[in-house]
$ cat final_15.cif   # mmCIF, C-alpha atoms
data_upload
loop_
_atom_site.group_PDB
_atom_site.id
_atom_site.type_symbol
_atom_site.label_atom_id
_atom_site.label_comp_id
_atom_site.auth_asym_id
_atom_site.auth_seq_id
_atom_site.Cartn_x
_atom_site.Cartn_y
_atom_site.Cartn_z
ATOM 1 C CA GLY A 187 10.177 7.676 -1.690
ATOM 2 C CA LEU A 188 8.385 7.897 1.637
ATOM 3 C CA ASP A 189 5.203 9.716 0.590
ATOM 4 C CA ASN A 190 3.164 6.601 -0.108
ATOM 5 C CA VAL A 191 0.895 4.117 1.633
ATOM 6 C CA GLU A 192 3.557 1.390 1.885
ATOM 7 C CA ALA A 193 5.996 3.632 3.769
ATOM 8 C CA ARG A 194 3.254 4.719 6.162
ATOM 9 C CA ARG A 195 2.287 1.095 6.813
ATOM 10 C CA TRP A 196 5.898 0.221 7.632
ATOM 11 C CA LEU A 197 6.327 3.203 9.973
ATOM 12 C CA ASN A 198 2.990 2.466 11.626
ATOM 13 C CA GLY A 199 3.975 -1.153 12.250
ATOM 14 C CA MET A 200 7.303 -0.087 13.693
ATOM 15 C CA ILE A 201 5.942 2.378 16.264
ATOM 16 C CA VAL A 202 3.190 -0.065 17.292
ATOM 17 C CA ASN A 203 5.809 -2.737 17.976
ATOM 18 C CA LEU A 204 7.869 -0.314 20.083
ATOM 19 C CA VAL A 205 5.084 0.031 22.662
ATOM 20 C CA GLU A 206 5.788 -1.822 25.910
ATOM 21 C CA PHE A 207 3.257 -2.904 28.529
ATOM 22 C CA ASP A 208 3.266 -2.899 32.325
ATOM 23 C CA GLU A 209 2.266 -5.765 34.618
ATOM 24 C CA ASP A 210 -1.415 -4.896 34.245
ATOM 25 C CA GLY A 211 -1.224 -5.058 30.461
ATOM 26 C CA ASP A 212 -1.490 -1.288 29.981
ATOM 27 C CA PRO A 213 0.793 0.572 27.536
ATOM 28 C CA ILE A 214 3.740 2.337 29.168
ATOM 29 C CA PRO A 215 3.377 6.035 28.193
ATOM 30 C CA GLU A 216 7.124 6.549 27.717
ATOM 31 C CA THR A 217 7.171 3.941 24.949
ATOM 32 C CA ILE A 218 4.314 5.476 22.950
ATOM 33 C CA ILE A 219 5.553 7.476 19.959
ATOM 34 C CA PRO A 220 2.742 9.549 18.369
ATOM 35 C CA LEU A 221 2.400 9.506 14.597
ATOM 36 C CA ILE A 222 1.015 12.639 12.951
ATOM 37 C CA ASP A 223 0.110 11.980 9.348
ATOM 38 C CA GLY A 224 -1.158 14.297 6.635
ATOM 39 C CA GLY A 225 -1.777 14.130 2.926
ATOM 40 C CA THR A 226 -3.330 16.132 0.114
ATOM 41 C CA GLU A 227 -4.716 15.548 -3.344
ATOM 42 C CA GLY A 228 -5.846 18.576 -5.289
ATOM 43 C CA PHE A 229 -8.294 20.562 -3.172
ATOM 44 C CA SER A 230 -8.795 17.753 -0.649
ATOM 45 C CA GLY A 231 -6.662 16.771 2.296
ATOM 46 C CA GLN A 232 -6.571 14.945 5.600
ATOM 47 C CA SER A 233 -4.664 14.900 8.858
ATOM 48 C CA ARG A 234 -4.710 12.355 11.660
ATOM 49 C CA MET A 235 -3.219 11.632 15.052
ATOM 50 C CA ILE A 236 -2.197 8.065 15.844
ATOM 51 C CA LEU A 237 -1.307 6.980 19.382
ATOM 52 C CA PRO A 238 -0.052 3.382 19.044
ATOM 53 C CA ARG A 239 -2.059 0.828 21.057
ATOM 54 C CA ILE A 240 -4.462 3.579 22.194
ATOM 55 C CA THR A 241 -6.163 4.953 19.093
ATOM 56 C CA SER A 242 -6.714 3.274 15.761
ATOM 57 C CA CYS A 243 -3.511 2.794 13.792
ATOM 58 C CA PHE A 244 -2.854 3.409 10.106
ATOM 59 C CA GLU A 245 -3.503 -0.244 9.269
ATOM 60 C CA CYS A 246 -6.972 -0.013 10.865
ATOM 61 C CA SER A 247 -8.018 2.438 8.143
ATOM 62 C CA LEU A 248 -6.326 0.733 5.194
ATOM 63 C CA ASP A 249 -9.713 -0.010 3.646
ATOM 64 C CA ALA A 250 -10.159 3.736 3.094
ATOM 65 C CA PHE A 251 -7.294 3.731 0.575
ATOM 66 C CA THR A 252 -8.457 2.372 -2.747
ATOM 67 C CA PRO A 253 -5.801 0.159 -4.358
ATOM 68 C CA SER A 254 -4.468 1.601 -7.590
ATOM 69 C CA ALA A 255 -6.300 -0.037 -10.471
ATOM 70 C CA ALA A 256 -4.048 -1.643 -13.038
ATOM 71 C CA VAL A 257 -4.965 -1.069 -16.688
ATOM 72 C CA PRO A 258 -5.031 -4.309 -18.707
ATOM 73 C CA LEU A 259 -2.141 -4.477 -21.143
ATOM 74 C CA CYS A 260 -4.521 -5.408 -23.965
ATOM 75 C CA THR A 261 -6.337 -2.093 -23.485
ATOM 76 C CA ILE A 262 -3.080 -0.157 -23.674
ATOM 77 C CA ALA A 263 -1.884 -2.059 -26.731
ATOM 78 C CA GLU A 264 -5.101 -2.339 -28.744
ATOM 79 C CA THR A 265 -7.967 -0.115 -27.574
ATOM 80 C CA PRO A 266 -6.706 3.028 -25.810
ATOM 81 C CA ARG A 267 -9.535 5.310 -24.679
ATOM 82 C CA ILE A 268 -7.925 8.068 -22.635
ATOM 83 C CA PRO A 269 -4.646 10.055 -22.801
ATOM 84 C CA GLU A 270 -3.152 8.013 -19.969
ATOM 85 C CA HIS A 271 -3.422 4.845 -22.066
ATOM 86 C CA CYS A 272 -1.381 6.461 -24.845
ATOM 87 C CA ILE A 273 1.316 7.569 -22.409
ATOM 88 C CA ALA A 274 1.448 4.109 -20.841
ATOM 89 C CA TYR A 275 1.835 2.591 -24.311
ATOM 90 C CA ALA A 276 4.823 4.827 -24.998
ATOM 91 C CA TYR A 277 6.805 4.087 -21.848
ATOM 92 C CA VAL A 278 5.649 0.531 -21.088
ATOM 93 C CA LEU A 279 5.717 -0.987 -24.584
ATOM 94 C CA GLN A 280 7.570 1.306 -26.980
ATOM 95 C CA TRP A 281 10.508 2.308 -24.787
ATOM 96 C CA PRO A 282 11.780 -1.266 -24.153
ATOM 97 C CA LYS A 283 11.637 -1.954 -27.889
ATOM 98 C CA GLU A 284 13.541 1.198 -28.842
ATOM 99 C CA PHE A 285 16.017 1.082 -25.954
ATOM 100 C CA PRO A 286 16.229 -2.529 -24.709
ATOM 101 C CA ASP A 287 19.494 -1.930 -22.843
ATOM 102 C CA ARG A 288 18.544 1.313 -21.104
ATOM 103 C CA LYS A 289 16.007 1.959 -18.380
ATOM 104 C CA LEU A 290 13.703 4.926 -18.721
ATOM 105 C CA ASP A 291 14.867 7.826 -16.546
ATOM 106 C CA ALA A 292 11.796 9.757 -15.417
ATOM 107 C CA ASP A 293 14.045 12.629 -14.292
ATOM 108 C CA SER A 294 15.630 13.020 -17.710
ATOM 109 C CA PRO A 295 14.031 15.761 -19.866
ATOM 110 C CA ASP A 296 15.209 14.001 -23.028
ATOM 111 C CA ASP A 297 13.625 10.700 -22.032
ATOM 112 C CA MET A 298 10.367 12.367 -21.022
ATOM 113 C CA LYS A 299 10.223 14.379 -24.268
ATOM 114 C CA TRP A 300 10.609 11.120 -26.203
ATOM 115 C CA VAL A 301 7.764 9.500 -24.266
ATOM 116 C CA HIS A 302 5.589 12.577 -24.754
ATOM 117 C CA SER A 303 6.162 12.692 -28.513
ATOM 118 C CA LYS A 304 5.373 8.988 -28.917
ATOM 119 C CA ALA A 305 2.269 9.369 -26.757
ATOM 120 C CA VAL A 306 1.092 12.267 -28.933
ATOM 121 C CA GLU A 307 1.559 10.137 -32.057
ATOM 122 C CA ARG A 308 -0.428 7.332 -30.439
ATOM 123 C CA ALA A 309 -3.194 9.719 -29.380
ATOM 124 C CA GLU A 310 -3.496 11.239 -32.862
ATOM 125 C CA LYS A 311 -3.807 7.774 -34.388
ATOM 126 C CA PHE A 312 -6.843 6.984 -32.195
ATOM 127 C CA GLY A 313 -8.319 10.489 -32.132
ATOM 128 C CA ILE A 314 -7.639 11.048 -28.435
ATOM 129 C CA GLU A 315 -7.056 14.561 -27.103
ATOM 130 C CA GLY A 316 -5.369 15.787 -23.949
ATOM 131 C CA VAL A 317 -1.844 14.350 -24.051
ATOM 132 C CA THR A 318 0.369 17.055 -22.549
ATOM 133 C CA TYR A 319 3.930 17.069 -21.272
ATOM 134 C CA MET A 320 2.724 17.686 -17.697
ATOM 135 C CA LEU A 321 0.287 14.774 -17.926
ATOM 136 C CA THR A 322 3.076 12.591 -19.277
ATOM 137 C CA MET A 323 5.230 13.482 -16.283
ATOM 138 C CA GLY A 324 2.339 12.762 -13.949
ATOM 139 C CA VAL A 325 1.591 9.335 -15.420
ATOM 140 C CA VAL A 326 5.207 8.158 -15.601
ATOM 141 C CA LYS A 327 6.116 9.459 -12.145
ATOM 142 C CA ASN A 328 2.698 8.706 -10.638
ATOM 143 C CA ILE A 329 2.469 12.300 -9.471
ATOM 144 C CA ILE A 330 -0.581 13.295 -7.431
ATOM 145 C CA PRO A 331 -1.723 16.862 -8.194
ATOM 146 C CA ALA A 332 -0.919 19.341 -5.423
ATOM 147 C CA VAL A 333 -2.447 22.725 -4.626
ATOM 148 C CA ALA A 334 -0.401 25.118 -2.508
ATOM 149 C CA SER A 335 -3.345 26.312 -0.407
ATOM 150 C CA THR A 336 -4.388 22.754 0.459
ATOM 151 C CA ASN A 337 -0.811 21.843 1.385
ATOM 152 C CA ALA A 338 -0.601 24.904 3.620
ATOM 153 C CA ILE A 339 -3.834 24.090 5.460
ATOM 154 C CA VAL A 340 -3.021 20.422 6.065
ATOM 155 C CA SER A 341 0.589 21.100 7.063
ATOM 156 C CA ALA A 342 -0.633 23.768 9.510
ATOM 157 C CA VAL A 343 -2.960 21.218 11.096
ATOM 158 C CA CYS A 344 -0.102 18.725 11.427
ATOM 159 C CA VAL A 345 2.193 21.333 13.014
ATOM 160 C CA ASN A 346 -0.606 22.349 15.359
ATOM 161 C CA GLU A 347 -0.979 18.751 16.517
ATOM 162 C CA ALA A 348 2.774 18.446 17.019
ATOM 163 C CA ILE A 349 2.723 21.539 19.257
ATOM 164 C CA LYS A 350 -0.099 19.995 21.297
ATOM 165 C CA VAL A 351 1.861 16.795 21.784
ATOM 166 C CA LEU A 352 5.024 18.639 22.848
ATOM 167 C CA SER A 353 3.413 21.209 25.132
ATOM 168 C CA PHE A 354 0.180 19.539 26.333
ATOM 169 C CA CYS A 355 -1.459 22.892 25.668
ATOM 170 C CA SER A 356 -4.698 21.404 24.356
ATOM 171 C CA GLN A 357 -6.586 18.237 23.512
ATOM 172 C CA SER A 358 -5.097 16.378 20.559
ATOM 173 C CA LEU A 359 -7.072 15.584 17.436
ATOM 174 C CA ASN A 360 -9.310 12.564 17.966
ATOM 175 C CA THR A 361 -8.413 11.117 15.511
ATOM 176 C CA TYR A 362 -9.065 12.248 11.934
ATOM 177 C CA MET A 363 -9.578 15.585 10.192
ATOM 178 C CA MET A 364 -10.798 15.780 6.609
ATOM 179 C CA TYR A 365 -10.586 18.941 4.515
ATOM 180 C CA MET A 366 -12.524 19.542 1.281
ATOM 181 C CA GLY A 367 -11.927 22.778 -0.595
ATOM 182 C CA SER A 368 -13.184 22.140 -4.118
ATOM 183 C CA ASP A 369 -16.622 23.725 -3.534
ATOM 184 C CA GLY A 370 -15.769 26.077 -0.665
ATOM 185 C CA ILE A 371 -14.013 25.586 2.642
ATOM 186 C CA TYR A 372 -15.246 22.631 4.644
ATOM 187 C CA SER A 373 -13.583 20.445 7.254
ATOM 188 C CA HIS A 374 -14.859 17.586 9.328
ATOM 189 C CA THR A 375 -13.399 15.637 12.243
ATOM 190 C CA PHE A 376 -14.369 12.166 13.394
ATOM 191 C CA VAL A 377 -13.030 9.224 15.371
ATOM 192 C CA TYR A 378 -11.555 6.366 13.384
ATOM 193 C CA GLU A 379 -12.395 3.326 15.501
ATOM 194 C CA ARG A 380 -9.846 0.597 16.126
ATOM 195 C CA LYS A 381 -10.236 -2.458 13.936
ATOM 196 C CA GLU A 382 -10.729 -5.490 16.152
ATOM 197 C CA ASN A 383 -8.898 -7.814 13.787
ATOM 198 C CA CYS A 384 -6.207 -5.344 12.710
ATOM 199 C CA PRO A 385 -3.117 -7.382 11.774
ATOM 200 C CA VAL A 386 -0.827 -4.787 13.399
ATOM 201 C CA SER A 387 -2.490 -3.431 16.542
ATOM 202 C CA SER A 388 -4.330 -6.588 17.592
ATOM 203 C CA SER A 389 -3.220 -10.139 18.233
ATOM 204 C CA ALA A 390 -6.317 -11.664 16.626
ATOM 205 C CA THR A 391 -5.910 -14.821 14.587
ATOM 206 C CA HIS A 392 -7.470 -14.496 11.159
ATOM 207 C CA LYS A 393 -9.493 -17.203 9.457
ATOM 208 C CA MET A 394 -9.771 -17.967 5.773
ATOM 209 C CA SER A 395 -11.936 -20.567 4.034
ATOM 210 C CA LEU A 396 -10.523 -21.985 0.808
ATOM 211 C CA PRO A 397 -10.945 -25.094 -1.357
ATOM 212 C CA SER A 398 -8.384 -27.724 -0.445
ATOM 213 C CA SER A 399 -7.308 -27.717 -4.098
ATOM 214 C CA THR A 400 -6.084 -24.116 -3.797
ATOM 215 C CA THR A 401 -2.366 -23.876 -4.486
ATOM 216 C CA LEU A 402 0.045 -22.147 -2.163
ATOM 217 C CA ASN A 403 0.781 -19.644 -4.909
ATOM 218 C CA ALA A 404 -2.944 -18.795 -5.148
ATOM 219 C CA LEU A 405 -3.080 -18.283 -1.381
ATOM 220 C CA ILE A 406 -0.126 -15.913 -1.547
ATOM 221 C CA GLN A 407 -1.786 -14.006 -4.384
ATOM 222 C CA GLN A 408 -4.971 -13.689 -2.342
ATOM 223 C CA LEU A 409 -3.006 -12.326 0.603
ATOM 224 C CA CYS A 410 -1.573 -9.678 -1.729
ATOM 225 C CA ASP A 411 -4.806 -8.771 -3.529
ATOM 226 C CA GLY A 412 -7.281 -9.245 -0.668
ATOM 227 C CA GLU A 413 -7.950 -7.322 2.553
ATOM 228 C CA PHE A 414 -4.389 -7.671 3.883
ATOM 229 C CA ARG A 415 -2.749 -6.171 0.767
ATOM 230 C CA LEU A 416 0.632 -7.726 1.486
ATOM 231 C CA LYS A 417 3.660 -7.179 -0.745
ATOM 232 C CA ALA A 418 5.937 -10.208 -0.464
ATOM 233 C CA PRO A 419 4.559 -12.690 2.082
ATOM 234 C CA SER A 420 6.448 -15.669 3.452
ATOM 235 C CA ILE A 421 4.501 -18.532 5.056
ATOM 236 C CA THR A 422 5.410 -21.159 7.635
ATOM 237 C CA SER A 423 3.373 -23.819 9.419
ATOM 238 C CA SER A 424 3.976 -25.274 12.860
ATOM 239 C CA GLU A 425 6.164 -27.977 11.344
ATOM 240 C CA ASN A 426 7.418 -26.747 7.966
ATOM 241 C CA THR A 427 8.537 -23.693 6.059
ATOM 242 C CA LEU A 428 6.076 -23.526 3.181
ATOM 243 C CA TYR A 429 7.615 -20.595 1.334
ATOM 244 C CA MET A 430 10.330 -18.178 2.400
ATOM 245 C CA ARG A 431 11.488 -15.340 0.151
ATOM 246 C CA LYS A 432 14.834 -14.769 1.856
ATOM 247 C CA PRO A 433 17.585 -15.898 1.958
ATOM 248 C CA MET A 434 17.865 -16.920 -1.689
ATOM 249 C CA ALA A 435 18.876 -20.488 -0.825
ATOM 250 C CA LEU A 436 15.743 -20.981 1.261
ATOM 251 C CA GLU A 437 13.575 -19.373 -1.420
ATOM 252 C CA LYS A 438 14.973 -21.785 -3.978
ATOM 253 C CA ALA A 439 14.379 -24.739 -1.670
ATOM 254 C CA THR A 440 10.739 -23.818 -0.955
ATOM 255 C CA ARG A 441 9.828 -22.625 -4.460
ATOM 256 C CA LYS A 442 8.591 -26.108 -5.380
ATOM 257 C CA ASN A 443 5.761 -25.743 -2.843
ATOM 258 C CA LEU A 444 4.150 -22.873 -4.755
ATOM 259 C CA ASP A 445 2.392 -25.197 -7.211
ATOM 260 C CA LYS A 446 1.324 -27.696 -4.541
ATOM 261 C CA THR A 447 -2.220 -27.722 -3.184
ATOM 262 C CA LEU A 448 -2.908 -26.730 0.400
ATOM 263 C CA LYS A 449 -4.188 -30.225 1.250
ATOM 264 C CA ASP A 450 -0.739 -31.556 0.341
ATOM 265 C CA LEU A 451 1.012 -29.058 2.597
ATOM 266 C CA ILE A 452 -1.183 -28.506 5.650
ATOM 267 C CA SER A 453 -4.089 -30.048 7.514
ATOM 268 C CA ASP A 454 -7.609 -28.638 7.754
ATOM 269 C CA GLY A 455 -7.806 -25.894 10.402
ATOM 270 C CA GLU A 456 -4.039 -25.554 10.742
ATOM 271 C CA GLU A 457 -2.656 -22.167 11.736
ATOM 272 C CA LEU A 458 -0.037 -20.570 9.508
ATOM 273 C CA THR A 459 2.382 -17.779 10.324
ATOM 274 C CA VAL A 460 2.671 -15.090 7.654
ATOM 275 C CA THR A 461 5.405 -12.462 7.585
ATOM 276 C CA ASP A 462 5.706 -9.559 5.174
ATOM 277 C CA PRO A 463 7.938 -6.471 4.730
ATOM 278 C CA VAL A 464 4.986 -4.133 5.415
ATOM 279 C CA PHE A 465 4.764 -5.570 8.961
ATOM 280 C CA PRO A 466 8.196 -5.059 10.570
ATOM 281 C CA ASP A 467 8.806 -7.512 13.426
ATOM 282 C CA THR A 468 5.170 -8.631 13.239
ATOM 283 C CA SER A 469 3.621 -11.875 12.061
ATOM 284 C CA LEU A 470 0.091 -12.622 10.961
ATOM 285 C CA GLY A 471 -1.686 -15.666 12.360
ATOM 286 C CA LEU A 472 -3.860 -17.283 9.688
ATOM 287 C CA VAL A 473 -6.078 -20.362 10.160
ATOM 288 C CA ILE A 474 -6.956 -22.120 6.901
ATOM 289 C CA LYS A 475 -10.291 -23.950 6.850
ATOM 290 C CA PHE A 476 -10.994 -26.167 3.873
ATOM 291 C CA GLU A 477 -14.400 -25.518 2.289
ATOM 292 C CA ASP A 478 -14.677 -29.114 1.121
#
$ encode --input "final_15.cif" --output "C-alpha cells"
Amino acid sequence: GLDNVEARRWLNGMIVNLVEFDEDGDPIPETIIPLIDGGTEGFSGQSRMILPRITSCFECSLDAFTPSAAVPLCTIAETPRIPEHCIAYAYVLQWPKEFPDRKLDADSPDDMKWVHSKAVERAEKFGIEGVTYMLTMGVVKNIIPAVASTNAIVSAVCVNEAIKVLSFCSQSLNTYMMYMGSDGIYSHTFVYERKENCPVSSSATHKMSLPSSTTLNALIQQLCDGEFRLKAPSITSSENTLYMRKPMALEKATRKNLDKTLKDLISDGEELTVTDPVFPDTSLGLVIKFED
C-alpha cells in the first residue's frame, strides 16, 4: 500500500530529485512539484505543504515519526501481557505450525476467524481480556483507527491547499498544520525548518564514529536502526564495492564482506557511498572515523 511512511519517503525523494537549478543555483519554478500530505489517527491529524528544495521535505521531519516497536518473540511466546500479544502468538507462531504450506490471508474471513479463536484461547489461558475480532483485524493488518470527522477535516485542509496551489488565490500553508480533536477542537500551525544534514534535500556528507572492529554487517544494521532508518542499503567505497544487494550475482560476490571488520575493508576517514530504495536516484555520503 501507499499509506505509509516508506511510500512517502520514496515520493518525497523523487520530487526533490526532479528539481532543476538555474545558473545562479536557484531552483527553476517549473520543475518544482508541490507535495501535499495528510494523515489521521483517531481524533488527531496533520496536513503539510512541501515545496521541494524550498521548504523542509518529508525526510527533514522523519524524527517526528516514532519507529514501530517490535515485541520480543519471547514475550509473545512465554509472558503475554496484553491482547495484542495473544493475537501475535496466534498468527506469528501458531499459524505456521498448523498450516506450514499456506500463507495467512488477512483478507480471508475464515483465516481471520481462526486467528481470533486461537487468540481468545491464548488470552483465557493467561487471564487477559479484550481480544475482539476487530482488534484481531487491526493487529494482523496493522490498521490505524480512523474517525470520519477527523478524516473529513484533514482532507478538507489538503484540498484547500491544492486549490491554493492551482489558483494562487491565497498564501499556502507554511508548512505544517496539526489537528487535535480528542478534548475539543484545536489546531495549530508552525514552520517545520529544513534539516541542514537531511540526506535527501541537502548534499551534506555525514560522519560516523565507530570502532575499527565493527563489521560491515553491524554498520548496515546501524544504518537501518539509527537516524537514517534505511531499508536495504548497499555500500561502495572509492575503490571497491563493499556490499551490493542487486543484482543477485553481485550480492553473492560481496556477501563475504559482511562479516569482515571495517579496518579490513576501508581506511580511517574514508568516505563511503550508500544507496537505498527509500532514496530514489540519491546516494548518501558517509565518512567513517575509527574511534580507536
$ closest_residue --input "final_15.cif" --among "A:Asn203, A:Ser420, A:Thr322, A:Asn346" --to "Ser388 of chain A" --atoms "all atoms listed in the file"
A:Asn203
$ closest_residue --input "final_15.cif" --among "A:Thr217, A:Ser424, A:Thr401, A:Gln280" --to "Ile262 of chain A" --atoms "only C-alpha atoms"
A:Gln280
$ closest_residue --input "final_15.cif" --among "A:Asn403, A:Ile452, A:Phe465, A:Asp411" --to "Asn426 of chain A" --atoms "all atoms listed in the file"
A:Ile452
$ residues_around --input "final_15.cif" --residues "segment 468-476 of chain A" --least-positions-apart "6" --cutoff "8 Å" --atoms "only C-alpha atoms" --output "NGL selection string"
:A and (199 or 203 or 385-386 or 390-398 or 454-462)
$ axis_aligned_box --input "final_15.cif" --around "segment 433-444 of chain A" --padding-each-side "8 Å" --output "JSON"
{"center_x": 11.5, "center_y": -21.0, "center_z": -1.7, "size_x": 30.7, "size_y": 26.2, "size_z": 23.3}
$ resolve_selection --input "final_15.cif" --expression "the PyMOL selection byres ((chain A and resi 282-298) around 9)" --output "tab-separated table (two decimals) with C-alpha atoms, in the coordinates of the input"
chain	number	residue	atom	x	y	z
A	277	TYR	CA	6.80	4.09	-21.85
A	278	VAL	CA	5.65	0.53	-21.09
A	279	LEU	CA	5.72	-0.99	-24.58
A	280	GLN	CA	7.57	1.31	-26.98
A	281	TRP	CA	10.51	2.31	-24.79
A	299	LYS	CA	10.22	14.38	-24.27
A	300	TRP	CA	10.61	11.12	-26.20
A	301	VAL	CA	7.76	9.50	-24.27
A	302	HIS	CA	5.59	12.58	-24.75
A	303	SER	CA	6.16	12.69	-28.51
A	319	TYR	CA	3.93	17.07	-21.27
A	322	THR	CA	3.08	12.59	-19.28
A	323	MET	CA	5.23	13.48	-16.28
A	326	VAL	CA	5.21	8.16	-15.60
A	327	LYS	CA	6.12	9.46	-12.14
